[in-house]
$ cat final.cif   # mmCIF, C-alpha atoms
data_target
loop_
_atom_site.label_atom_id
_atom_site.label_comp_id
_atom_site.auth_asym_id
_atom_site.auth_seq_id
_atom_site.Cartn_x
_atom_site.Cartn_y
_atom_site.Cartn_z
CA MET A 1 14.18 -5.85 -4.05
CA ALA A 2 12.05 -5.00 -7.11
CA LEU A 3 8.87 -6.99 -6.57
CA SER A 4 5.34 -6.46 -7.76
CA LEU A 5 2.82 -5.64 -5.07
CA GLU A 6 1.26 -9.11 -5.41
CA GLU A 7 4.63 -10.86 -4.95
CA LEU A 8 5.51 -8.60 -2.06
CA LEU A 9 2.21 -9.30 -0.33
CA GLU A 10 2.48 -13.04 -0.91
CA ARG A 11 5.99 -13.17 0.54
CA ALA A 12 5.15 -10.90 3.46
CA LEU A 13 2.14 -12.98 4.47
CA GLY A 14 4.27 -16.09 3.93
CA GLY A 15 6.58 -14.85 6.70
CA GLU A 16 9.51 -13.53 4.66
CA ASP A 17 11.37 -11.12 6.87
CA GLU A 18 12.51 -8.59 4.27
CA ALA A 19 9.14 -8.59 2.48
CA ILE A 20 7.35 -7.77 5.74
CA GLU A 21 9.63 -4.77 6.32
CA HIS A 22 9.32 -3.59 2.72
CA LEU A 23 5.52 -3.84 2.69
CA TYR A 24 5.41 -2.12 6.08
CA GLN A 25 7.33 0.85 4.67
CA ARG A 26 5.14 1.03 1.53
CA LEU A 27 1.95 1.10 3.61
CA LEU A 28 3.47 3.55 6.07
CA ARG A 29 4.21 6.03 3.26
CA TYR A 30 0.67 5.77 1.93
CA SER A 31 -0.79 6.20 5.43
CA MET A 32 1.47 9.17 6.07
CA TYR A 33 0.09 10.90 2.99
CA LEU A 34 -3.41 10.20 4.27
CA LEU A 35 -2.96 11.09 7.94
CA LYS A 36 -0.05 13.54 8.12
CA ASP A 37 0.91 12.06 11.46
CA HIS A 38 3.67 9.48 11.89
CA TYR A 39 2.30 7.97 15.08
CA ALA A 40 -1.21 7.62 13.60
CA ALA A 41 0.20 6.17 10.38
CA GLU A 42 2.16 3.54 12.35
CA GLU A 43 -0.96 2.57 14.26
CA VAL A 44 -2.93 2.25 11.04
CA VAL A 45 -0.28 0.12 9.32
CA GLN A 46 0.06 -2.22 12.30
CA ASP A 47 -3.72 -2.65 12.40
CA THR A 48 -3.68 -3.22 8.65
CA PHE A 49 -1.07 -5.97 8.97
CA GLU A 50 -2.96 -7.59 11.80
CA LYS A 51 -6.25 -7.58 9.86
CA ALA A 52 -4.55 -8.87 6.72
CA TRP A 53 -2.72 -11.58 8.62
CA ARG A 54 -5.77 -12.71 10.58
CA SER A 55 -8.02 -12.91 7.52
CA ASN A 56 -5.34 -13.88 4.96
CA PRO A 57 -7.63 -15.22 2.20
CA PRO A 58 -6.13 -17.42 -0.53
CA ALA A 59 -3.99 -15.44 -2.99
CA ARG A 60 -6.34 -16.21 -5.88
CA SER A 61 -9.22 -14.41 -4.17
CA ARG A 62 -7.19 -11.30 -3.34
CA SER A 63 -7.15 -8.33 -5.66
CA LYS A 64 -3.98 -6.31 -6.13
CA SER A 65 -5.49 -3.50 -4.12
CA TRP A 66 -6.58 -5.73 -1.21
CA ILE A 67 -3.93 -4.57 1.27
CA PHE A 68 -4.36 -0.90 0.27
CA ARG A 69 -8.11 -1.20 0.70
CA ILE A 70 -7.59 -2.46 4.27
CA ALA A 71 -5.09 0.36 4.94
CA HIS A 72 -7.40 3.01 3.49
CA ASN A 73 -10.43 1.79 5.46
CA THR A 74 -8.37 1.51 8.64
CA ALA A 75 -7.15 5.10 8.17
CA VAL A 76 -10.72 6.32 7.64
CA ASP A 77 -11.84 4.42 10.78
CA TYR A 78 -8.93 5.93 12.71
CA ILE A 79 -9.99 9.42 11.68
CA ARG A 80 -13.59 8.71 12.66
CA LYS A 81 -12.48 7.44 16.07
CA GLN A 82 -10.45 10.58 16.59
CA LYS A 83 -13.62 12.51 15.73
CA ARG A 84 -11.74 14.50 13.17
CA SER A 85 -13.15 15.36 9.81
CA LEU A 86 -11.48 13.54 6.95
CA THR A 87 -11.12 16.75 5.00
CA ILE A 88 -9.59 18.64 7.92
CA SER A 89 -7.22 15.86 8.91
CA LEU A 90 -6.02 15.45 5.37
CA HIS A 91 -4.94 19.05 5.12
CA ARG A 92 -1.94 20.17 7.07
CA SER A 93 -2.44 23.47 8.82
CA GLU A 94 -0.63 25.73 6.45
CA ASP A 95 1.80 28.03 8.09
CA PRO A 96 3.00 29.80 4.95
CA ASP A 97 6.62 29.80 6.13
CA SER A 98 6.81 26.13 7.09
CA SER A 99 4.80 24.46 4.37
CA PRO A 100 6.78 21.83 2.44
CA ILE A 101 6.72 23.85 -0.75
CA GLN A 102 7.79 27.04 1.02
CA GLU A 103 10.73 25.14 2.48
CA TYR A 104 11.52 23.99 -1.05
CA ILE A 105 11.54 27.58 -2.32
CA GLN A 106 13.87 28.60 0.51
CA LEU A 107 16.23 25.69 -0.20
CA LYS A 108 16.59 26.43 -3.89
CA ARG A 109 18.49 29.24 -5.53
CA PRO A 110 16.28 31.12 -8.03
CA GLU A 111 18.32 29.85 -10.99
CA GLU A 112 17.73 26.25 -9.86
CA ILE A 113 13.99 26.57 -10.43
CA PRO A 114 13.20 25.69 -14.05
CA ASP A 115 11.12 27.84 -16.37
CA GLN A 116 8.99 24.96 -17.59
CA PHE A 117 6.54 22.89 -15.52
CA VAL A 118 7.59 19.69 -17.24
CA GLU A 119 11.23 20.30 -16.21
CA MET A 120 10.12 20.97 -12.65
CA LEU A 121 8.47 17.55 -12.56
CA GLU A 122 11.91 15.98 -13.08
CA ASP A 123 12.83 17.13 -9.57
CA VAL A 124 11.71 14.40 -7.19
CA GLU A 125 12.12 16.72 -4.21
CA PHE A 126 9.59 19.15 -5.72
CA VAL A 127 7.17 16.27 -6.41
CA ARG A 128 7.56 14.83 -2.91
CA ARG A 129 6.83 18.19 -1.28
CA ALA A 130 4.09 19.22 -3.69
CA LEU A 131 2.24 15.95 -3.04
CA GLU A 132 1.74 17.06 0.55
CA HIS A 133 -0.25 20.05 -0.67
CA LEU A 134 -2.67 18.09 -2.82
CA GLN A 135 -6.22 17.71 -1.65
CA GLU A 136 -8.07 14.50 -0.95
CA PRO A 137 -9.28 12.38 -2.66
CA SER A 138 -7.11 13.61 -5.55
CA ARG A 139 -3.87 12.96 -3.68
CA SER A 140 -4.70 9.41 -2.72
CA CYS A 141 -6.03 8.49 -6.20
CA PHE A 142 -2.98 10.09 -7.83
CA TYR A 143 -0.56 8.33 -5.45
CA LEU A 144 -2.12 4.90 -5.95
CA LYS A 145 -2.19 5.25 -9.74
CA VAL A 146 1.08 6.97 -10.55
CA PHE A 147 3.36 5.48 -7.89
CA GLU A 148 1.71 2.24 -6.77
CA ARG A 149 0.38 1.63 -10.32
CA LEU A 150 -2.96 0.21 -9.26
CA THR A 151 -5.70 -0.04 -11.88
CA LEU A 152 -8.51 2.51 -12.07
CA ASN A 153 -10.88 -0.28 -11.02
CA ASP A 154 -8.79 -1.07 -7.94
CA ILE A 155 -8.68 2.59 -6.91
CA ALA A 156 -12.41 2.95 -7.53
CA THR A 157 -12.98 -0.01 -5.18
CA ILE A 158 -10.80 1.57 -2.49
CA HIS A 159 -12.55 4.94 -2.78
CA GLN A 160 -16.00 3.47 -3.43
CA CYS A 161 -16.60 5.60 -6.50
CA SER A 162 -16.67 5.15 -10.27
CA THR A 163 -13.54 4.77 -12.40
CA ARG A 164 -14.53 7.97 -14.21
CA GLN A 165 -14.46 9.86 -10.91
CA VAL A 166 -11.06 8.36 -10.05
CA GLN A 167 -9.79 9.51 -13.44
CA ARG A 168 -11.00 13.06 -12.74
CA HIS A 169 -9.41 13.08 -9.28
CA ILE A 170 -6.05 12.03 -10.76
CA GLU A 171 -6.21 14.67 -13.46
CA HIS A 172 -7.22 17.23 -10.84
CA ALA A 173 -4.05 16.36 -8.91
CA ARG A 174 -1.91 16.99 -12.01
CA HIS A 175 -3.68 20.34 -12.40
CA GLU A 176 -2.99 21.15 -8.73
CA LEU A 177 0.71 20.31 -9.19
CA ARG A 178 0.81 22.83 -12.01
CA GLN A 179 -0.76 25.47 -9.76
CA ILE A 180 1.84 24.74 -7.08
CA TYR A 181 4.56 25.12 -9.71
CA GLU A 182 3.08 28.49 -10.75
CA ARG A 183 3.16 29.60 -7.12
CA VAL A 184 6.82 28.60 -6.82
CA HIS A 185 7.55 30.40 -10.06
CA ARG A 186 5.77 33.59 -8.92
CA GLU A 187 7.65 33.61 -5.62
CA ARG A 188 10.94 33.01 -7.40
CA SER A 189 10.25 35.98 -9.66
CA SER A 190 9.32 38.23 -6.75
CA ASN A 191 12.55 37.23 -4.92
CA GLN A 192 14.76 38.15 -7.84
CA MET B 1 2.15 26.63 -21.35
CA ASN B 2 -1.28 26.89 -19.75
CA TYR B 3 -3.11 23.84 -18.52
CA GLN B 4 -5.12 22.07 -21.18
CA ALA B 5 -7.28 19.18 -20.04
CA PRO B 6 -6.74 15.97 -21.98
CA HIS B 7 -9.71 14.33 -23.68
CA GLU B 8 -11.57 12.37 -21.03
CA GLU B 9 -12.05 9.32 -23.25
CA TRP B 10 -8.29 9.18 -23.90
CA LEU B 11 -7.24 9.95 -20.33
CA GLU B 12 -8.38 6.46 -19.33
CA LYS B 13 -5.97 4.96 -21.86
CA ILE B 14 -3.15 7.32 -20.86
CA LEU B 15 -3.52 6.21 -17.23
CA ALA B 16 -3.80 2.55 -18.24
CA LYS B 17 -0.54 2.89 -20.18
CA LEU B 18 1.21 4.01 -16.99
CA SER B 19 0.48 0.72 -15.27
CA GLY B 20 1.07 -1.39 -18.38
CA GLU B 21 -2.56 -2.46 -18.74
CA LEU B 22 -3.12 -1.20 -22.25
CA SER B 23 -3.82 -3.78 -24.95
CA PHE B 24 -1.82 -3.64 -28.16
CA SER B 25 -4.77 -2.35 -30.20
CA ASP B 26 -5.50 0.37 -27.61
CA LEU B 27 -1.84 1.34 -27.60
CA VAL B 28 -1.88 1.76 -31.38
CA ALA B 29 -5.09 3.80 -31.16
CA LEU B 30 -3.62 6.00 -28.42
CA ASN B 31 -0.42 6.60 -30.39
CA ASP B 32 -2.53 7.60 -33.41
CA HIS B 33 -4.48 10.04 -31.29
CA LEU B 34 -1.33 11.52 -29.77
CA THR B 35 0.00 12.51 -33.17
CA THR B 36 -2.82 15.02 -33.47
CA CYS B 37 -3.53 16.02 -29.85
CA SER B 38 -1.10 18.21 -27.93
CA SER B 39 -3.05 18.21 -24.63
CA CYS B 40 -3.10 14.40 -24.40
CA THR B 41 0.57 14.22 -25.45
CA GLU B 42 1.47 16.71 -22.74
CA ALA B 43 -0.56 14.81 -20.13
CA LEU B 44 1.11 11.50 -21.00
CA ARG B 45 4.58 13.05 -20.91
CA GLU B 46 3.95 14.60 -17.50
CA TYR B 47 2.45 11.43 -16.04
CA GLU B 48 5.39 9.39 -17.30
CA ILE B 49 7.89 11.75 -15.69
CA LEU B 50 5.97 11.61 -12.43
CA ALA B 51 5.73 7.80 -12.57
CA SER B 52 9.51 7.61 -13.07
CA HIS B 53 9.90 8.84 -9.47
CA ALA B 54 8.06 5.79 -8.10
CA ASP B 55 11.24 3.84 -7.32
CA THR B 56 12.67 6.77 -5.35
CA LEU B 57 9.45 7.58 -3.54
CA LEU B 58 8.70 3.93 -2.72
CA SER B 59 12.31 2.99 -2.00
CA TYR B 60 12.87 0.33 0.61
CA GLN B 61 15.37 1.02 3.36
CA GLN B 62 16.63 -2.33 4.57
CA GLY B 63 17.02 -2.91 8.28
CA SER B 64 14.88 -0.01 9.41
CA GLN B 65 13.51 -0.52 12.89
CA LEU B 66 9.93 -1.76 13.10
CA PRO B 67 7.82 -0.67 16.10
CA ALA B 68 7.53 -3.19 18.97
CA ARG B 69 3.98 -4.29 18.17
CA MET B 70 4.92 -4.82 14.54
CA LEU B 71 7.99 -6.83 15.56
CA ALA B 72 5.82 -9.12 17.68
CA LEU B 73 3.35 -9.52 14.83
CA LYS B 74 6.21 -10.23 12.44
CA GLN B 75 7.47 -12.98 14.75
CA GLU B 76 3.99 -14.47 14.85
CA ILE B 77 3.66 -14.39 11.06
CA MET B 78 7.10 -15.95 10.57
CA GLN B 79 6.50 -18.63 13.21
CA ALA B 80 3.15 -19.59 11.67
CA ALA B 81 4.73 -19.69 8.21
CA ARG B 82 7.44 -22.07 9.50
CA GLU B 83 4.86 -24.31 11.17
CA LYS B 84 2.68 -24.37 8.09
CA GLN B 85 5.72 -25.30 6.02
CA LEU B 86 6.51 -28.15 8.42
CA ALA B 87 2.93 -29.38 8.34
CA THR B 88 2.96 -29.26 4.55
CA SER B 89 6.20 -31.21 4.44
CA LEU B 90 4.63 -33.85 6.70
CA HIS B 91 1.53 -33.94 4.44
CA LEU B 92 -0.68 -33.20 7.41
CA THR B 93 -3.96 -31.40 7.48
CA LYS B 94 -4.83 -32.47 11.04
CA ALA B 95 -2.78 -32.80 14.19
CA VAL B 96 -3.17 -33.87 17.78
CA GLY B 97 -2.96 -30.96 20.16
CA ALA B 98 -3.12 -30.24 23.84
CA SER B 99 -5.07 -27.50 25.52
CA ASN B 100 -3.30 -24.79 27.47
CA ARG B 101 -4.70 -26.13 30.73
CA GLY B 102 -3.37 -29.65 30.78
CA ASN B 103 -2.88 -32.51 28.44
CA ILE B 104 -6.34 -32.76 26.94
CA PRO B 105 -5.95 -34.15 23.46
CA VAL B 106 -7.69 -32.16 20.78
CA LEU B 107 -7.91 -32.48 17.04
CA LEU B 108 -6.70 -29.38 15.26
CA ASP B 109 -6.75 -28.10 11.74
CA ILE B 110 -3.10 -27.46 10.98
CA ASN B 111 -3.90 -24.70 8.48
CA GLU B 112 -5.65 -22.57 11.05
CA PRO B 113 -3.68 -19.42 12.06
CA GLY B 114 -2.63 -19.13 15.68
CA LEU B 115 -1.38 -22.68 16.24
CA ARG B 116 1.96 -23.19 17.92
CA LEU B 117 3.90 -26.36 17.36
CA VAL B 118 5.72 -27.55 20.48
CA LYS B 119 7.03 -31.08 19.98
CA ARG B 120 5.97 -34.39 18.61
CA VAL B 121 4.03 -36.83 20.77
CA ASN B 122 2.35 -40.15 20.24
CA PRO B 123 -1.30 -39.75 19.37
CA PRO B 124 -3.96 -40.91 21.83
CA GLU B 125 -5.28 -44.41 21.30
CA GLU B 126 -8.63 -43.08 20.09
CA VAL B 127 -7.00 -41.68 16.97
CA LYS B 128 -6.42 -44.84 15.02
CA GLY B 129 -4.12 -44.91 12.08
CA TRP B 130 -2.21 -41.79 13.04
CA GLN B 131 1.47 -42.48 13.25
CA SER B 132 3.48 -39.65 14.66
CA LEU B 133 1.90 -36.26 14.81
CA PRO B 134 2.98 -32.78 15.92
CA ARG B 135 1.78 -31.67 19.29
CA ILE B 136 0.29 -28.26 19.16
CA ILE B 137 -0.87 -25.68 21.64
CA ARG B 138 -3.24 -22.92 20.85
CA THR B 139 -5.36 -20.47 22.77
CA SER B 140 -8.79 -21.32 21.41
CA ARG B 141 -9.48 -25.02 21.81
CA LYS B 142 -11.67 -27.34 19.82
CA ARG B 143 -12.25 -30.37 22.00
CA LEU B 144 -12.96 -33.52 20.10
CA PHE B 145 -12.04 -35.92 22.86
CA PRO B 146 -13.31 -35.80 26.43
CA PRO B 147 -10.72 -35.53 29.23
CA ARG B 148 -9.41 -38.89 30.42
#
$ encode --input "final.cif" --output "structure tokens"
Amino acid sequence: MALSLEELLERALGGEDEAIEHLYQRLLRYSMYLLKDHYAAEEVVQDTFEKAWRSNPPARSRSKSWIFRIAHNTAVDYIRKQKRSLTISLHRSEDPDSSPIQEYIQLKRPEEIPDQFVEMLEDVEFVRRALEHLQEPSRSCFYLKVFERLTLNDIATIHQCSTRQVQRHIEHARHELRQIYERVHRERSSNQ
Amino acid sequence: MNYQAPHEEWLEKILAKLSGELSFSDLVALNDHLTTCSSCTEALREYEILASHADTLLSYQQGSQLPARMLALKQEIMQAAREKQLATSLHLTKAVGASNRGNIPVLLDINEPGLRLVKRVNPPEEVKGWQSLPRIIRTSRKRLFPPR
């Protein structure tokens, strides 16, 4: 089902079974990137649905980012309740041997790792794993722009900052991806 | 190739292009700029490759199991949607309801979330001009008529 976020939201809040499940999965992925904890992400998404359903303003008064704003704020509230720092919770404790990108290096044969960064970006598995290493708020801004295709204004509203800052966060994420690629490349060379 | 930051004033347009928000004149201006700027060209190329993974990363797996609380909420949303649809088809904005603790008639706004349609009943005599209305039960009651 290839629907825009607005259509998906409209159908989900209108009670369409498949749309509810689809939107649930989209919000769960976003919350997982924020919280790094499946149980916490499920809690946050269920709270998000409940809040959205209870308030459910008319479609014309909802922005495209409305549901993501609720999810983001609910995740931040969840972290506050857990008395964890946002920065700490958003970084997985990095055991160098079990980090997603280390697992990626172990899975790939050296010749499967391209010489150019731009070629590496073609590998969705690299992108998926590298995203987990990005820092907040860069990761969230990058995710919402590049994958959910929200506007800079929408993301600025979610993060309560200027569009210029959002733009810098997104570009910072691209820079971080390049650094992760360089790390993979270095380790590949040292393994050869 | 080492990282080269794109021009900040053009980065906004590069990112807008990703989500299809760029006007035609801005698109022409961006394309003109790209012919002379390698760092912005590289940034756009990389962002476009990354954005091409969106369908895979956001893919929807049909029939995946929702958690129990979410299933209950889904039922509630679907039930309310059905009731709202029925009310719309009957051209109703108001309905006669009964409280949870007995048959106290109440006037309800049919568009309010949380209403549960049970069956049709004849309206109380006080409500003149109402023909046949849905009977509704809900948890929070708005009494408009005193108990008989």
$ interface_residues --input "final.cif" --of "chain A" --to "chain B" --cutoff "7 Å" --atoms "all atoms listed in the file" --output "PDB file with C-alpha atoms, in the coordinates of the input"
ATOM      1  CA  LEU A  13       2.140 -12.980   4.470  1.00  0.00           C
ATOM      2  CA  GLY A  14       4.270 -16.090   3.930  1.00  0.00           C
ATOM      3  CA  GLY A  15       6.580 -14.850   6.700  1.00  0.00           C
ATOM      4  CA  GLU A  16       9.510 -13.530   4.660  1.00  0.00           C
ATOM      5  CA  HIS A  22       9.320  -3.590   2.720  1.00  0.00           C
ATOM      6  CA  GLN A  25       7.330   0.850   4.670  1.00  0.00           C
ATOM      7  CA  ARG A  26       5.140   1.030   1.530  1.00  0.00           C
ATOM      8  CA  GLN A  46       0.060  -2.220  12.300  1.00  0.00           C
ATOM      9  CA  VAL A 118       7.590  19.690 -17.240  1.00  0.00           C
ATOM     10  CA  LEU A 121       8.470  17.550 -12.560  1.00  0.00           C
ATOM     11  CA  GLU A 122      11.910  15.980 -13.080  1.00  0.00           C
ATOM     12  CA  VAL A 124      11.710  14.400  -7.190  1.00  0.00           C
ATOM     13  CA  VAL A 146       1.080   6.970 -10.550  1.00  0.00           C
ATOM     14  CA  PHE A 147       3.360   5.480  -7.890  1.00  0.00           C
ATOM     15  CA  ARG A 149       0.380   1.630 -10.320  1.00  0.00           C
ATOM     16  CA  LEU A 150      -2.960   0.210  -9.260  1.00  0.00           C
ATOM     17  CA  GLN A 167      -9.790   9.510 -13.440  1.00  0.00           C
TER      18      GLN A 167
END
$ residues_around --input "final.cif" --residues "region 30-39 of chain A" --least-positions-apart "5" --cutoff "10 Å" --atoms "all atoms listed in the file" --output "count of residues only"
29
$ atom_distance --input "final.cif" --atom1 "CA of Lys64 (chain A)" --atom2 "CA of Leu5 (chain A)"
6.9 Å
$ resolve_selection --input "final.cif" --expression "the PyMOL selection byres ((chain A and resi 181) around 10)" --output "PyMOL selection string"
chain A and resi 101+113-118+120-121+126-127+130+175-180+182-187
$ residues_near_point --input "final.cif" --point "(-7.7, -6.1, -1.8)" --cutoff "12 Å" --atoms "only C-alpha atoms" --output "number ranges by chain"
A: 5-6, 9, 48, 51-52, 55-73, 150-151, 153-158
$ atom_distance --input "final.cif" --atom1 "CA of Glu42 (chain A)" --atom2 "CA of Ile20 (chain A)"
14.1 Å
$ atom_distance --input "final.cif" --atom1 "CA of Tyr104 (chain A)" --atom2 "CA of Ser190 (chain A)"
15.5 Å
$ closest_residue --input "final.cif" --among "A:Arg188, A:Glu171, A:Glu18, A:Pro110" --to "Leu44 (chain B)" --atoms "all atoms listed in the file"
A:Glu171
$ build_atoms --input "final.cif" --residues "region 16-44 of chain B" --atoms "N, CA and C atoms" --output "tab-separated table (two decimals), keeping the file's coordinate frame"
chain	number	residue	atom	x	y	z
B	16	ALA	N	-3.99	4.00	-18.14
B	16	ALA	CA	-3.80	2.55	-18.24
B	16	ALA	C	-2.39	2.25	-18.76
B	17	LYS	N	-1.89	3.10	-19.63
B	17	LYS	CA	-0.54	2.89	-20.18
B	17	LYS	C	0.51	2.97	-19.06
B	18	LEU	N	0.27	3.85	-18.10
B	18	LEU	CA	1.21	4.01	-16.99
B	18	LEU	C	1.43	2.71	-16.23
B	19	SER	N	0.35	1.96	-16.05
B	19	SER	CA	0.48	0.72	-15.27
B	19	SER	C	0.56	-0.51	-16.18
B	20	GLY	N	0.84	-0.27	-17.46
B	20	GLY	CA	1.07	-1.39	-18.38
B	20	GLY	C	-0.15	-2.24	-18.63
B	21	GLU	N	-1.35	-1.65	-18.54
B	21	GLU	CA	-2.56	-2.46	-18.74
B	21	GLU	C	-3.16	-2.29	-20.12
B	22	LEU	N	-2.51	-1.52	-20.96
B	22	LEU	CA	-3.12	-1.20	-22.25
B	22	LEU	C	-2.89	-2.34	-23.25
B	23	SER	N	-3.96	-2.73	-23.93
B	23	SER	CA	-3.82	-3.78	-24.95
B	23	SER	C	-3.07	-3.21	-26.15
B	24	PHE	N	-2.59	-4.09	-27.01
B	24	PHE	CA	-1.82	-3.64	-28.16
B	24	PHE	C	-2.67	-2.74	-29.06
B	25	SER	N	-3.92	-3.15	-29.29
B	25	SER	CA	-4.77	-2.35	-30.20
B	25	SER	C	-5.07	-0.97	-29.59
B	26	ASP	N	-5.26	-0.93	-28.26
B	26	ASP	CA	-5.50	0.37	-27.61
B	26	ASP	C	-4.25	1.25	-27.65
B	27	LEU	N	-3.10	0.60	-27.55
B	27	LEU	CA	-1.84	1.34	-27.60
B	27	LEU	C	-1.65	1.98	-28.97
B	28	VAL	N	-1.98	1.23	-30.00
B	28	VAL	CA	-1.88	1.76	-31.38
B	28	VAL	C	-2.85	2.93	-31.54
B	29	ALA	N	-4.08	2.74	-31.04
B	29	ALA	CA	-5.09	3.80	-31.16
B	29	ALA	C	-4.64	5.05	-30.41
B	30	LEU	N	-4.08	4.86	-29.22
B	30	LEU	CA	-3.62	6.00	-28.42
B	30	LEU	C	-2.49	6.73	-29.15
B	31	ASN	N	-1.54	5.97	-29.67
B	31	ASN	CA	-0.42	6.60	-30.39
B	31	ASN	C	-0.92	7.40	-31.59
B	32	ASP	N	-1.93	6.88	-32.27
B	32	ASP	CA	-2.53	7.60	-33.41
B	32	ASP	C	-3.12	8.93	-32.94
B	33	HIS	N	-3.85	8.84	-31.83
B	33	HIS	CA	-4.48	10.04	-31.29
B	33	HIS	C	-3.43	11.08	-30.88
B	34	LEU	N	-2.35	10.60	-30.28
B	34	LEU	CA	-1.33	11.52	-29.77
B	34	LEU	C	-0.65	12.32	-30.89
B	35	THR	N	-0.65	11.78	-32.07
B	35	THR	CA	0.00	12.51	-33.17
B	35	THR	C	-0.77	13.79	-33.52
B	36	THR	N	-2.03	13.84	-33.11
B	36	THR	CA	-2.82	15.02	-33.47
B	36	THR	C	-3.31	15.82	-32.25
B	37	CYS	N	-2.98	15.34	-31.04
B	37	CYS	CA	-3.53	16.02	-29.85
B	37	CYS	C	-2.42	16.44	-28.88
B	38	SER	N	-2.19	17.73	-28.77
B	38	SER	CA	-1.10	18.21	-27.93
B	38	SER	C	-1.43	18.09	-26.44
B	39	SER	N	-2.71	18.26	-26.07
B	39	SER	CA	-3.05	18.21	-24.63
B	39	SER	C	-2.88	16.79	-24.08
B	40	CYS	N	-3.26	15.79	-24.86
B	40	CYS	CA	-3.10	14.40	-24.40
B	40	CYS	C	-1.62	14.02	-24.40
B	41	THR	N	-0.87	14.50	-25.39
B	41	THR	CA	0.57	14.22	-25.45
B	41	THR	C	1.26	14.81	-24.21
B	42	GLU	N	0.88	16.05	-23.90
B	42	GLU	CA	1.47	16.71	-22.74
B	42	GLU	C	1.12	15.96	-21.44
B	43	ALA	N	-0.13	15.54	-21.34
B	43	ALA	CA	-0.56	14.81	-20.13
B	43	ALA	C	0.24	13.52	-19.99
B	44	LEU	N	0.38	12.76	-21.08
B	44	LEU	CA	1.11	11.50	-21.00
B	44	LEU	C	2.58	11.75	-20.60
